[in-house]
>>> print(open('coords-v1.pdb').read())   # PDB, N, CA and C atoms
MODEL        1
ATOM      1  N   MET A   6     -20.974   4.955 -12.057
ATOM      2  CA  MET A   6     -19.779   5.767 -12.046
ATOM      3  C   MET A   6     -18.574   4.903 -12.447
ATOM      4  N   LYS A   7     -17.731   5.447 -13.273
ATOM      5  CA  LYS A   7     -16.524   4.754 -13.709
ATOM      6  C   LYS A   7     -15.353   5.156 -12.821
ATOM      7  N   PRO A   8     -14.335   4.303 -12.715
ATOM      8  CA  PRO A   8     -13.160   4.656 -11.920
ATOM      9  C   PRO A   8     -12.517   5.974 -12.362
ATOM     10  N   SER A   9     -12.530   6.255 -13.648
ATOM     11  CA  SER A   9     -11.918   7.494 -14.145
ATOM     12  C   SER A   9     -12.585   8.738 -13.565
ATOM     13  N   GLN A  10     -13.817   8.600 -13.114
ATOM     14  CA  GLN A  10     -14.532   9.741 -12.563
ATOM     15  C   GLN A  10     -14.103  10.098 -11.144
ATOM     16  N   THR A  11     -13.409   9.191 -10.463
ATOM     17  CA  THR A  11     -12.895   9.520  -9.128
ATOM     18  C   THR A  11     -11.394   9.803  -9.163
ATOM     19  N   PHE A  12     -10.749   9.495 -10.292
ATOM     20  CA  PHE A  12      -9.314   9.734 -10.458
ATOM     21  C   PHE A  12      -9.047  11.237 -10.476
ATOM     22  N   HIS A  13      -8.262  11.678  -9.524
ATOM     23  CA  HIS A  13      -7.880  13.097  -9.377
ATOM     24  C   HIS A  13      -9.082  14.033  -9.282
ATOM     25  N   ASN A  14     -10.228  13.497  -8.960
ATOM     26  CA  ASN A  14     -11.430  14.296  -8.722
ATOM     27  C   ASN A  14     -11.294  14.877  -7.314
ATOM     28  N   PRO A  15     -11.407  16.197  -7.158
ATOM     29  CA  PRO A  15     -11.222  16.805  -5.827
ATOM     30  C   PRO A  15     -12.117  16.207  -4.745
ATOM     31  N   GLN A  16     -13.289  15.741  -5.128
ATOM     32  CA  GLN A  16     -14.202  15.143  -4.153
ATOM     33  C   GLN A  16     -13.635  13.841  -3.580
ATOM     34  N   TYR A  17     -12.890  13.103  -4.395
ATOM     35  CA  TYR A  17     -12.348  11.805  -3.984
ATOM     36  C   TYR A  17     -10.830  11.843  -3.811
ATOM     37  N   GLY A  18     -10.141  12.478  -4.730
ATOM     38  CA  GLY A  18      -8.685  12.577  -4.664
ATOM     39  C   GLY A  18      -7.970  11.261  -4.907
ATOM     40  N   HIS A  19      -8.552  10.378  -5.673
ATOM     41  CA  HIS A  19      -7.960   9.058  -5.895
ATOM     42  C   HIS A  19      -6.855   9.093  -6.941
ATOM     43  N   ASN A  20      -5.830   8.272  -6.694
ATOM     44  CA  ASN A  20      -4.880   7.982  -7.755
ATOM     45  C   ASN A  20      -5.473   6.820  -8.559
ATOM     46  N   CYS A  21      -4.737   6.323  -9.539
ATOM     47  CA  CYS A  21      -5.275   5.271 -10.412
ATOM     48  C   CYS A  21      -5.605   3.985  -9.653
ATOM     49  N   ALA A  22      -4.721   3.576  -8.764
ATOM     50  CA  ALA A  22      -4.950   2.348  -8.001
ATOM     51  C   ALA A  22      -6.149   2.500  -7.072
ATOM     52  N   GLN A  23      -6.245   3.643  -6.420
ATOM     53  CA  GLN A  23      -7.366   3.893  -5.525
ATOM     54  C   GLN A  23      -8.690   3.931  -6.278
ATOM     55  N   ALA A  24      -8.681   4.517  -7.463
ATOM     56  CA  ALA A  24      -9.914   4.622  -8.252
ATOM     57  C   ALA A  24     -10.468   3.241  -8.591
ATOM     58  N   VAL A  25      -9.590   2.340  -9.022
ATOM     59  CA  VAL A  25     -10.037   0.981  -9.364
ATOM     60  C   VAL A  25     -10.440   0.218  -8.103
ATOM     61  N   ALA A  26      -9.673   0.364  -7.038
ATOM     62  CA  ALA A  26     -10.008  -0.317  -5.780
ATOM     63  C   ALA A  26     -11.356   0.173  -5.236
ATOM     64  N   TYR A  27     -11.557   1.479  -5.261
ATOM     65  CA  TYR A  27     -12.808   2.062  -4.772
ATOM     66  C   TYR A  27     -14.004   1.539  -5.571
ATOM     67  N   HIS A  28     -13.847   1.477  -6.860
ATOM     68  CA  HIS A  28     -14.934   1.033  -7.722
ATOM     69  C   HIS A  28     -15.254  -0.446  -7.532
ATOM     70  N   ASN A  29     -14.294  -1.205  -7.034
ATOM     71  CA  ASN A  29     -14.468  -2.650  -6.844
ATOM     72  C   ASN A  29     -14.259  -3.058  -5.388
ATOM     73  N   ILE A  30     -14.563  -2.169  -4.481
ATOM     74  CA  ILE A  30     -14.279  -2.374  -3.057
ATOM     75  C   ILE A  30     -14.896  -3.664  -2.513
ATOM     76  N   GLN A  31     -16.007  -4.091  -3.085
ATOM     77  CA  GLN A  31     -16.673  -5.311  -2.622
ATOM     78  C   GLN A  31     -15.812  -6.558  -2.834
ATOM     79  N   LEU A  32     -14.800  -6.479  -3.700
ATOM     80  CA  LEU A  32     -13.934  -7.627  -3.981
ATOM     81  C   LEU A  32     -12.776  -7.755  -2.995
ATOM     82  N   PHE A  33     -12.583  -6.741  -2.173
ATOM     83  CA  PHE A  33     -11.470  -6.739  -1.224
ATOM     84  C   PHE A  33     -11.951  -7.075   0.181
ATOM     85  N   ASP A  34     -11.095  -7.743   0.943
ATOM     86  CA  ASP A  34     -11.420  -8.075   2.328
ATOM     87  C   ASP A  34     -11.181  -6.896   3.262
ATOM     88  N   ASN A  35     -10.424  -5.916   2.803
ATOM     89  CA  ASN A  35     -10.024  -4.800   3.636
ATOM     90  C   ASN A  35     -10.911  -3.577   3.380
ATOM     91  N   PRO A  36     -11.664  -3.115   4.379
ATOM     92  CA  PRO A  36     -12.510  -1.941   4.172
ATOM     93  C   PRO A  36     -11.695  -0.656   3.986
ATOM     94  N   ASN A  37     -10.418  -0.687   4.314
ATOM     95  CA  ASN A  37      -9.535   0.470   4.164
ATOM     96  C   ASN A  37      -8.709   0.394   2.891
ATOM     97  N   VAL A  38      -9.173  -0.351   1.914
ATOM     98  CA  VAL A  38      -8.409  -0.599   0.686
ATOM     99  C   VAL A  38      -8.050   0.700  -0.040
ATOM    100  N   VAL A  39      -8.924   1.677  -0.017
ATOM    101  CA  VAL A  39      -8.637   2.934  -0.714
ATOM    102  C   VAL A  39      -7.439   3.628  -0.077
ATOM    103  N   THR A  40      -7.375   3.620   1.233
ATOM    104  CA  THR A  40      -6.219   4.206   1.930
ATOM    105  C   THR A  40      -4.957   3.410   1.637
ATOM    106  N   VAL A  41      -5.041   2.109   1.673
ATOM    107  CA  VAL A  41      -3.892   1.237   1.417
ATOM    108  C   VAL A  41      -3.343   1.458   0.004
ATOM    109  N   TYR A  42      -4.216   1.630  -0.966
ATOM    110  CA  TYR A  42      -3.795   1.737  -2.354
ATOM    111  C   TYR A  42      -3.268   3.121  -2.741
ATOM    112  N   LYS A  43      -3.248   4.037  -1.796
ATOM    113  CA  LYS A  43      -2.638   5.351  -2.044
ATOM    114  C   LYS A  43      -1.163   5.192  -2.421
ATOM    115  N   ALA A  44      -0.531   4.171  -1.898
ATOM    116  CA  ALA A  44       0.893   3.940  -2.130
ATOM    117  C   ALA A  44       1.207   3.347  -3.502
ATOM    118  N   TYR A  45       0.193   2.983  -4.287
ATOM    119  CA  TYR A  45       0.438   2.251  -5.530
ATOM    120  C   TYR A  45       0.142   3.027  -6.816
ATOM    121  N   GLY A  46      -0.166   4.286  -6.724
ATOM    122  CA  GLY A  46      -0.411   5.085  -7.914
ATOM    123  C   GLY A  46       0.883   5.646  -8.489
ATOM    124  N   GLY A  47       0.798   6.156  -9.691
ATOM    125  CA  GLY A  47       1.935   6.838 -10.304
ATOM    126  C   GLY A  47       3.157   5.974 -10.544
ATOM    127  N   GLY A  48       2.938   4.706 -10.855
ATOM    128  CA  GLY A  48       4.069   3.824 -11.164
ATOM    129  C   GLY A  48       4.782   3.263  -9.954
ATOM    130  N   ARG A  49       4.195   3.406  -8.766
ATOM    131  CA  ARG A  49       4.848   2.924  -7.547
ATOM    132  C   ARG A  49       4.442   1.508  -7.145
ATOM    133  N   ALA A  50       3.604   0.861  -7.943
ATOM    134  CA  ALA A  50       3.254  -0.530  -7.655
ATOM    135  C   ALA A  50       4.479  -1.400  -7.945
ATOM    136  N   GLU A  51       4.479  -2.570  -7.368
ATOM    137  CA  GLU A  51       5.604  -3.505  -7.523
ATOM    138  C   GLU A  51       5.994  -3.677  -8.981
ATOM    139  N   GLY A  52       7.262  -3.551  -9.283
ATOM    140  CA  GLY A  52       7.773  -3.767 -10.627
ATOM    141  C   GLY A  52       7.372  -2.705 -11.633
ATOM    142  N   GLY A  53       6.891  -1.557 -11.171
ATOM    143  CA  GLY A  53       6.483  -0.497 -12.078
ATOM    144  C   GLY A  53       5.158  -0.743 -12.772
ATOM    145  N   VAL A  54       4.388  -1.696 -12.253
ATOM    146  CA  VAL A  54       3.077  -2.023 -12.834
ATOM    147  C   VAL A  54       2.167  -0.800 -12.747
ATOM    148  N   CYS A  55       1.378  -0.592 -13.779
ATOM    149  CA  CYS A  55       0.344   0.441 -13.766
ATOM    150  C   CYS A  55      -0.499   0.250 -12.500
ATOM    151  N   GLY A  56      -0.732   1.321 -11.760
ATOM    152  CA  GLY A  56      -1.483   1.221 -10.512
ATOM    153  C   GLY A  56      -2.899   0.719 -10.698
ATOM    154  N   ALA A  57      -3.548   1.148 -11.764
ATOM    155  CA  ALA A  57      -4.912   0.684 -12.044
ATOM    156  C   ALA A  57      -4.919  -0.821 -12.283
ATOM    157  N   LEU A  58      -3.964  -1.282 -13.059
ATOM    158  CA  LEU A  58      -3.833  -2.717 -13.316
ATOM    159  C   LEU A  58      -3.507  -3.463 -12.029
ATOM    160  N   TYR A  59      -2.612  -2.922 -11.229
ATOM    161  CA  TYR A  59      -2.221  -3.552  -9.969
ATOM    162  C   TYR A  59      -3.447  -3.779  -9.078
ATOM    163  N   ALA A  60      -4.275  -2.751  -8.943
ATOM    164  CA  ALA A  60      -5.481  -2.883  -8.115
ATOM    165  C   ALA A  60      -6.421  -3.951  -8.678
ATOM    166  N   ALA A  61      -6.571  -3.971  -9.989
ATOM    167  CA  ALA A  61      -7.437  -4.984 -10.609
ATOM    168  C   ALA A  61      -6.901  -6.387 -10.360
ATOM    169  N   MET A  62      -5.591  -6.548 -10.466
ATOM    170  CA  MET A  62      -4.976  -7.862 -10.228
ATOM    171  C   MET A  62      -5.124  -8.288  -8.771
ATOM    172  N   GLN A  63      -5.019  -7.345  -7.863
ATOM    173  CA  GLN A  63      -5.156  -7.653  -6.441
ATOM    174  C   GLN A  63      -6.603  -7.955  -6.060
ATOM    175  N   ALA A  64      -7.543  -7.401  -6.809
ATOM    176  CA  ALA A  64      -8.960  -7.664  -6.540
ATOM    177  C   ALA A  64      -9.332  -9.102  -6.869
ATOM    178  N   CYS A  65      -8.591  -9.699  -7.784
ATOM    179  CA  CYS A  65      -8.870 -11.079  -8.208
ATOM    180  C   CYS A  65      -7.528 -11.795  -8.427
ATOM    181  N   PRO A  66      -6.787 -12.046  -7.356
ATOM    182  CA  PRO A  66      -5.435 -12.597  -7.499
ATOM    183  C   PRO A  66      -5.361 -13.944  -8.199
ATOM    184  N   GLN A  67      -6.404 -14.746  -8.114
ATOM    185  CA  GLN A  67      -6.386 -16.050  -8.769
ATOM    186  C   GLN A  67      -6.429 -15.931 -10.287
ATOM    187  N   LYS A  68      -6.824 -14.766 -10.794
ATOM    188  CA  LYS A  68      -6.871 -14.544 -12.239
ATOM    189  C   LYS A  68      -5.994 -13.353 -12.648
ATOM    190  N   ALA A  69      -5.016 -13.038 -11.812
ATOM    191  CA  ALA A  69      -4.169 -11.864 -12.037
ATOM    192  C   ALA A  69      -3.442 -11.906 -13.373
ATOM    193  N   GLU A  70      -2.941 -13.052 -13.766
ATOM    194  CA  GLU A  70      -2.194 -13.134 -15.029
ATOM    195  C   GLU A  70      -3.105 -12.941 -16.240
ATOM    196  N   ILE A  71      -4.327 -13.406 -16.145
ATOM    197  CA  ILE A  71      -5.291 -13.204 -17.228
ATOM    198  C   ILE A  71      -5.636 -11.722 -17.329
ATOM    199  N   ILE A  72      -5.848 -11.092 -16.186
ATOM    200  CA  ILE A  72      -6.153  -9.659 -16.145
ATOM    201  C   ILE A  72      -4.997  -8.871 -16.744
ATOM    202  N   LYS A  73      -3.796  -9.209 -16.358
ATOM    203  CA  LYS A  73      -2.601  -8.523 -16.868
ATOM    204  C   LYS A  73      -2.480  -8.686 -18.382
ATOM    205  N   ALA A  74      -2.692  -9.893 -18.869
ATOM    206  CA  ALA A  74      -2.578 -10.158 -20.304
ATOM    207  C   ALA A  74      -3.629  -9.384 -21.101
ATOM    208  N   ARG A  75      -4.848  -9.368 -20.622
ATOM    209  CA  ARG A  75      -5.920  -8.678 -21.349
ATOM    210  C   ARG A  75      -5.752  -7.160 -21.305
ATOM    211  N   PHE A  76      -5.295  -6.660 -20.178
ATOM    212  CA  PHE A  76      -5.013  -5.235 -20.056
ATOM    213  C   PHE A  76      -3.904  -4.846 -21.027
ATOM    214  N   THR A  77      -2.841  -5.627 -21.048
ATOM    215  CA  THR A  77      -1.699  -5.367 -21.928
ATOM    216  C   THR A  77      -2.119  -5.419 -23.388
ATOM    217  N   GLU A  78      -2.988  -6.341 -23.716
ATOM    218  CA  GLU A  78      -3.502  -6.464 -25.078
ATOM    219  C   GLU A  78      -4.210  -5.179 -25.517
ATOM    220  N   ARG A  79      -4.944  -4.583 -24.608
ATOM    221  CA  ARG A  79      -5.706  -3.369 -24.928
ATOM    222  C   ARG A  79      -4.875  -2.094 -24.868
ATOM    223  N   VAL A  80      -3.957  -2.022 -23.907
ATOM    224  CA  VAL A  80      -3.196  -0.793 -23.689
ATOM    225  C   VAL A  80      -1.858  -0.807 -24.418
ATOM    226  N   GLY A  81      -1.270  -1.983 -24.558
ATOM    227  CA  GLY A  81       0.020  -2.095 -25.227
ATOM    228  C   GLY A  81       1.177  -2.377 -24.305
ATOM    229  N   ASP A  82       0.987  -2.235 -23.001
ATOM    230  CA  ASP A  82       2.023  -2.531 -22.008
ATOM    231  C   ASP A  82       1.356  -2.637 -20.651
ATOM    232  N   TRP A  83       2.096  -3.108 -19.665
ATOM    233  CA  TRP A  83       1.562  -3.217 -18.308
ATOM    234  C   TRP A  83       2.337  -2.320 -17.340
ATOM    235  N   ARG A  84       3.402  -1.720 -17.819
ATOM    236  CA  ARG A  84       4.251  -0.866 -16.969
ATOM    237  C   ARG A  84       3.839   0.596 -17.106
ATOM    238  N   CYS A  85       3.695   1.255 -15.986
ATOM    239  CA  CYS A  85       3.226   2.637 -15.951
ATOM    240  C   CYS A  85       4.075   3.551 -16.829
ATOM    241  N   LYS A  86       5.345   3.520 -16.660
ATOM    242  CA  LYS A  86       6.228   4.426 -17.396
ATOM    243  C   LYS A  86       6.076   4.242 -18.907
ATOM    244  N   GLU A  87       6.054   3.016 -19.347
ATOM    245  CA  GLU A  87       5.919   2.744 -20.775
ATOM    246  C   GLU A  87       4.544   3.132 -21.302
ATOM    247  N   ILE A  88       3.529   2.918 -20.493
ATOM    248  CA  ILE A  88       2.171   3.287 -20.899
ATOM    249  C   ILE A  88       2.093   4.804 -21.109
ATOM    250  N   LYS A  89       2.661   5.554 -20.190
ATOM    251  CA  LYS A  89       2.612   7.014 -20.284
ATOM    252  C   LYS A  89       3.498   7.551 -21.402
ATOM    253  N   GLN A  90       4.727   7.056 -21.474
ATOM    254  CA  GLN A  90       5.696   7.627 -22.410
ATOM    255  C   GLN A  90       5.582   7.084 -23.825
ATOM    256  N   THR A  91       5.432   5.802 -23.968
ATOM    257  CA  THR A  91       5.437   5.186 -25.296
ATOM    258  C   THR A  91       4.036   5.032 -25.863
ATOM    259  N   MET A  92       3.132   4.512 -25.068
ATOM    260  CA  MET A  92       1.783   4.246 -25.556
ATOM    261  C   MET A  92       0.921   5.511 -25.542
ATOM    262  N   LYS A  93       1.302   6.472 -24.704
ATOM    263  CA  LYS A  93       0.574   7.748 -24.586
ATOM    264  C   LYS A  93      -0.888   7.550 -24.176
ATOM    265  N   THR A  94      -1.122   6.525 -23.384
ATOM    266  CA  THR A  94      -2.480   6.239 -22.901
ATOM    267  C   THR A  94      -2.715   7.016 -21.615
ATOM    268  N   PRO A  95      -3.755   7.815 -21.540
ATOM    269  CA  PRO A  95      -4.037   8.583 -20.327
ATOM    270  C   PRO A  95      -4.373   7.666 -19.142
ATOM    271  N   CYS A  96      -4.047   8.113 -17.968
ATOM    272  CA  CYS A  96      -4.335   7.344 -16.754
ATOM    273  C   CYS A  96      -5.836   7.083 -16.600
ATOM    274  N   THR A  97      -6.650   8.027 -16.994
ATOM    275  CA  THR A  97      -8.102   7.821 -16.897
ATOM    276  C   THR A  97      -8.532   6.625 -17.731
ATOM    277  N   ASP A  98      -7.951   6.489 -18.920
ATOM    278  CA  ASP A  98      -8.271   5.332 -19.761
ATOM    279  C   ASP A  98      -7.809   4.045 -19.097
ATOM    280  N   CYS A  99      -6.616   4.063 -18.505
ATOM    281  CA  CYS A  99      -6.098   2.866 -17.825
ATOM    282  C   CYS A  99      -7.014   2.447 -16.687
ATOM    283  N   CYS A 100      -7.541   3.423 -15.940
ATOM    284  CA  CYS A 100      -8.467   3.109 -14.847
ATOM    285  C   CYS A 100      -9.697   2.367 -15.378
ATOM    286  N   ASP A 101     -10.274   2.896 -16.429
ATOM    287  CA  ASP A 101     -11.491   2.288 -16.970
ATOM    288  C   ASP A 101     -11.211   0.948 -17.648
ATOM    289  N   ILE A 102     -10.087   0.839 -18.337
ATOM    290  CA  ILE A 102      -9.745  -0.423 -18.989
ATOM    291  C   ILE A 102      -9.464  -1.500 -17.950
ATOM    292  N   ALA A 103      -8.726  -1.178 -16.905
ATOM    293  CA  ALA A 103      -8.446  -2.151 -15.842
ATOM    294  C   ALA A 103      -9.747  -2.629 -15.212
ATOM    295  N   ASP A 104     -10.661  -1.708 -14.991
ATOM    296  CA  ASP A 104     -11.961  -2.049 -14.417
ATOM    297  C   ASP A 104     -12.770  -2.942 -15.367
ATOM    298  N   GLU A 105     -12.781  -2.596 -16.641
ATOM    299  CA  GLU A 105     -13.517  -3.395 -17.628
ATOM    300  C   GLU A 105     -12.941  -4.809 -17.727
ATOM    301  N   VAL A 106     -11.617  -4.896 -17.748
ATOM    302  CA  VAL A 106     -10.975  -6.210 -17.834
ATOM    303  C   VAL A 106     -11.291  -7.031 -16.579
ATOM    304  N   LEU A 107     -11.150  -6.415 -15.414
ATOM    305  CA  LEU A 107     -11.447  -7.116 -14.157
ATOM    306  C   LEU A 107     -12.880  -7.624 -14.153
ATOM    307  N   ASN A 108     -13.810  -6.776 -14.488
ATOM    308  CA  ASN A 108     -15.210  -7.189 -14.462
ATOM    309  C   ASN A 108     -15.528  -8.215 -15.530
ATOM    310  N   GLY A 109     -14.861  -8.136 -16.679
ATOM    311  CA  GLY A 109     -15.036  -9.144 -17.714
ATOM    312  C   GLY A 109     -14.548 -10.499 -17.250
ATOM    313  N   VAL A 110     -13.381 -10.531 -16.622
ATOM    314  CA  VAL A 110     -12.819 -11.784 -16.116
ATOM    315  C   VAL A 110     -13.687 -12.349 -15.000
ATOM    316  N   MET A 111     -14.187 -11.472 -14.132
ATOM    317  CA  MET A 111     -15.028 -11.920 -13.012
ATOM    318  C   MET A 111     -16.354 -12.494 -13.499
ATOM    319  N   SER A 112     -16.842 -12.033 -14.639
ATOM    320  CA  SER A 112     -18.134 -12.518 -15.131
ATOM    321  C   SER A 112     -18.030 -13.828 -15.894
ATOM    322  N   GLU A 113     -16.806 -14.235 -16.226
ATOM    323  CA  GLU A 113     -16.613 -15.510 -16.931
ATOM    324  C   GLU A 113     -16.791 -16.673 -15.980
ATOM    325  N   LYS A 114     -17.245 -17.760 -16.507
ATOM    326  CA  LYS A 114     -17.429 -18.944 -15.671
ATOM    327  C   LYS A 114     -16.255 -19.867 -15.798
TER     328      LYS A 114
ENDMDL
END
>>> encode(input="coords-v1.pdb", output="structure tokens")
Amino acid sequence: MKPSQTFHNPQYGHNCAQAVAYHNIQLFDNPNVVTVYKAYGGGRAEGGVCGALYAAMQACPQKAEIIKARFTERVGDWRCKEIKQTMKTPCTDCCDIADEVLNGVMSEK
């Protein structure tokens, strides 16, 4: 299952940050991460960061800047508002791209 499949899915009700956190829950120390990340969807993450990207960066904080750079390379920006308005990238795509970038970075040695 991809993070985009739980995003705004009535069964899960996840926002973008929750979708990525849920899909990578094993990387977090907090079993309540999905509840915690409810506050970070829709451009409400620190500095207007895309919520999906924010969750990916928090899942692997030691490589957060690499994750941010690779996400930005693929999407065109790291800020939610700009991604939606200028890049016209759907939130579902951001969820899956953030997840792919996170997992790619995690698999590197």
>>> atom_distance(input="coords-v1.pdb", atom1="CA of Gln90 (chain A)", atom2="CA of Gly109 (chain A)")
27.1 Å
>>> residues_around(input="coords-v1.pdb", residues="Leu107 (chain A)", least_positions_apart="2", cutoff="8 Å", atoms="only N, CA and C atoms", output="list of chain:residue names")
A:Ala61, A:Met62, A:Ala64, A:Cys65, A:Ile71, A:Ile72, A:Lys73, A:Phe76, A:Asp101, A:Ile102, A:Ala103, A:Asp104, A:Glu105, A:Gly109, A:Val110, A:Met111, A:Ser112, A:Glu113
>>> write_last_selection(input="coords-v1.pdb", atoms="N, CA and C atoms", output="tab-separated table (two decimals), keeping the file's coordinate frame")
chain	number	residue	atom	x	y	z
A	61	ALA	N	-6.57	-3.97	-9.99
A	61	ALA	CA	-7.44	-4.98	-10.61
A	61	ALA	C	-6.90	-6.39	-10.36
A	62	MET	N	-5.59	-6.55	-10.47
A	62	MET	CA	-4.98	-7.86	-10.23
A	62	MET	C	-5.12	-8.29	-8.77
A	64	ALA	N	-7.54	-7.40	-6.81
A	64	ALA	CA	-8.96	-7.66	-6.54
A	64	ALA	C	-9.33	-9.10	-6.87
A	65	CYS	N	-8.59	-9.70	-7.78
A	65	CYS	CA	-8.87	-11.08	-8.21
A	65	CYS	C	-7.53	-11.80	-8.43
A	71	ILE	N	-4.33	-13.41	-16.14
A	71	ILE	CA	-5.29	-13.20	-17.23
A	71	ILE	C	-5.64	-11.72	-17.33
A	72	ILE	N	-5.85	-11.09	-16.19
A	72	ILE	CA	-6.15	-9.66	-16.14
A	72	ILE	C	-5.00	-8.87	-16.74
A	73	LYS	N	-3.80	-9.21	-16.36
A	73	LYS	CA	-2.60	-8.52	-16.87
A	73	LYS	C	-2.48	-8.69	-18.38
A	76	PHE	N	-5.30	-6.66	-20.18
A	76	PHE	CA	-5.01	-5.24	-20.06
A	76	PHE	C	-3.90	-4.85	-21.03
A	101	ASP	N	-10.27	2.90	-16.43
A	101	ASP	CA	-11.49	2.29	-16.97
A	101	ASP	C	-11.21	0.95	-17.65
A	102	ILE	N	-10.09	0.84	-18.34
A	102	ILE	CA	-9.74	-0.42	-18.99
A	102	ILE	C	-9.46	-1.50	-17.95
A	103	ALA	N	-8.73	-1.18	-16.90
A	103	ALA	CA	-8.45	-2.15	-15.84
A	103	ALA	C	-9.75	-2.63	-15.21
A	104	ASP	N	-10.66	-1.71	-14.99
A	104	ASP	CA	-11.96	-2.05	-14.42
A	104	ASP	C	-12.77	-2.94	-15.37
A	105	GLU	N	-12.78	-2.60	-16.64
A	105	GLU	CA	-13.52	-3.40	-17.63
A	105	GLU	C	-12.94	-4.81	-17.73
A	109	GLY	N	-14.86	-8.14	-16.68
A	109	GLY	CA	-15.04	-9.14	-17.71
A	109	GLY	C	-14.55	-10.50	-17.25
A	110	VAL	N	-13.38	-10.53	-16.62
A	110	VAL	CA	-12.82	-11.78	-16.12
A	110	VAL	C	-13.69	-12.35	-15.00
A	111	MET	N	-14.19	-11.47	-14.13
A	111	MET	CA	-15.03	-11.92	-13.01
A	111	MET	C	-16.35	-12.49	-13.50
A	112	SER	N	-16.84	-12.03	-14.64
A	112	SER	CA	-18.13	-12.52	-15.13
A	112	SER	C	-18.03	-13.83	-15.89
A	113	GLU	N	-16.81	-14.24	-16.23
A	113	GLU	CA	-16.61	-15.51	-16.93
A	113	GLU	C	-16.79	-16.67	-15.98
>>> atom_distance(input="coords-v1.pdb", atom1="atom N of Asn20 (chain A)", atom2="atom N of Glu51 (chain A)")
15.0 Å
>>> closest_residue(input="coords-v1.pdb", among="A:Gly81, A:Glu87, A:Lys68, A:Cys99", to="Ser9 (chain A)", atoms="only N, CA and C atoms")
A:Cys99
>>> atom_distance(input="coords-v1.pdb", atom1="CA of Gln31 (chain A)", atom2="CA of Gln10 (chain A)")
18.2 Å
>>> residues_around(input="coords-v1.pdb", residues="Val54 (chain A)", least_positions_apart="6", cutoff="6.5 Å", atoms="all atoms listed in the file", output="compact mmCIF listing (two decimals) with N, CA and C atoms, in the frame of the given file")
# COMPACT_ATOMS: atom_id res chain seq x y z
N GLY A 48 2.94 4.71 -10.86
CA GLY A 48 4.07 3.82 -11.16
C GLY A 48 4.78 3.26 -9.95
N TRP A 83 2.10 -3.11 -19.66
CA TRP A 83 1.56 -3.22 -18.31
C TRP A 83 2.34 -2.32 -17.34
N ARG A 84 3.40 -1.72 -17.82
CA ARG A 84 4.25 -0.87 -16.97
C ARG A 84 3.84 0.60 -17.11
N CYS A 85 3.70 1.25 -15.99
CA CYS A 85 3.23 2.64 -15.95
C CYS A 85 4.08 3.55 -16.83
>>> closest_residue(input="coords-v1.pdb", among="A:Lys43, A:Lys93, A:Arg75, A:Lys86", to="Cys21 (chain A)", atoms="only N, CA and C atoms")
A:Lys43
>>> closest_residue(input="coords-v1.pdb", among="A:Asn35, A:Val80, A:Tyr45, A:Met92", to="Ala57 (chain A)", atoms="only C-alpha atoms")
A:Tyr45
>>> closest_residue(input="coords-v1.pdb", among="A:Glu78, A:Lys7, A:Asp98, A:Gly46", to="His19 (chain A)", atoms="only N, CA and C atoms")
A:Gly46
>>> select_by_dssp(input="coords-v1.pdb", residues="region 61-108 of chain A", states="alpha helix (DSSP H)", output="PyMOL selection string")
chain A and resi 61-64+69-80+85-87+96-108
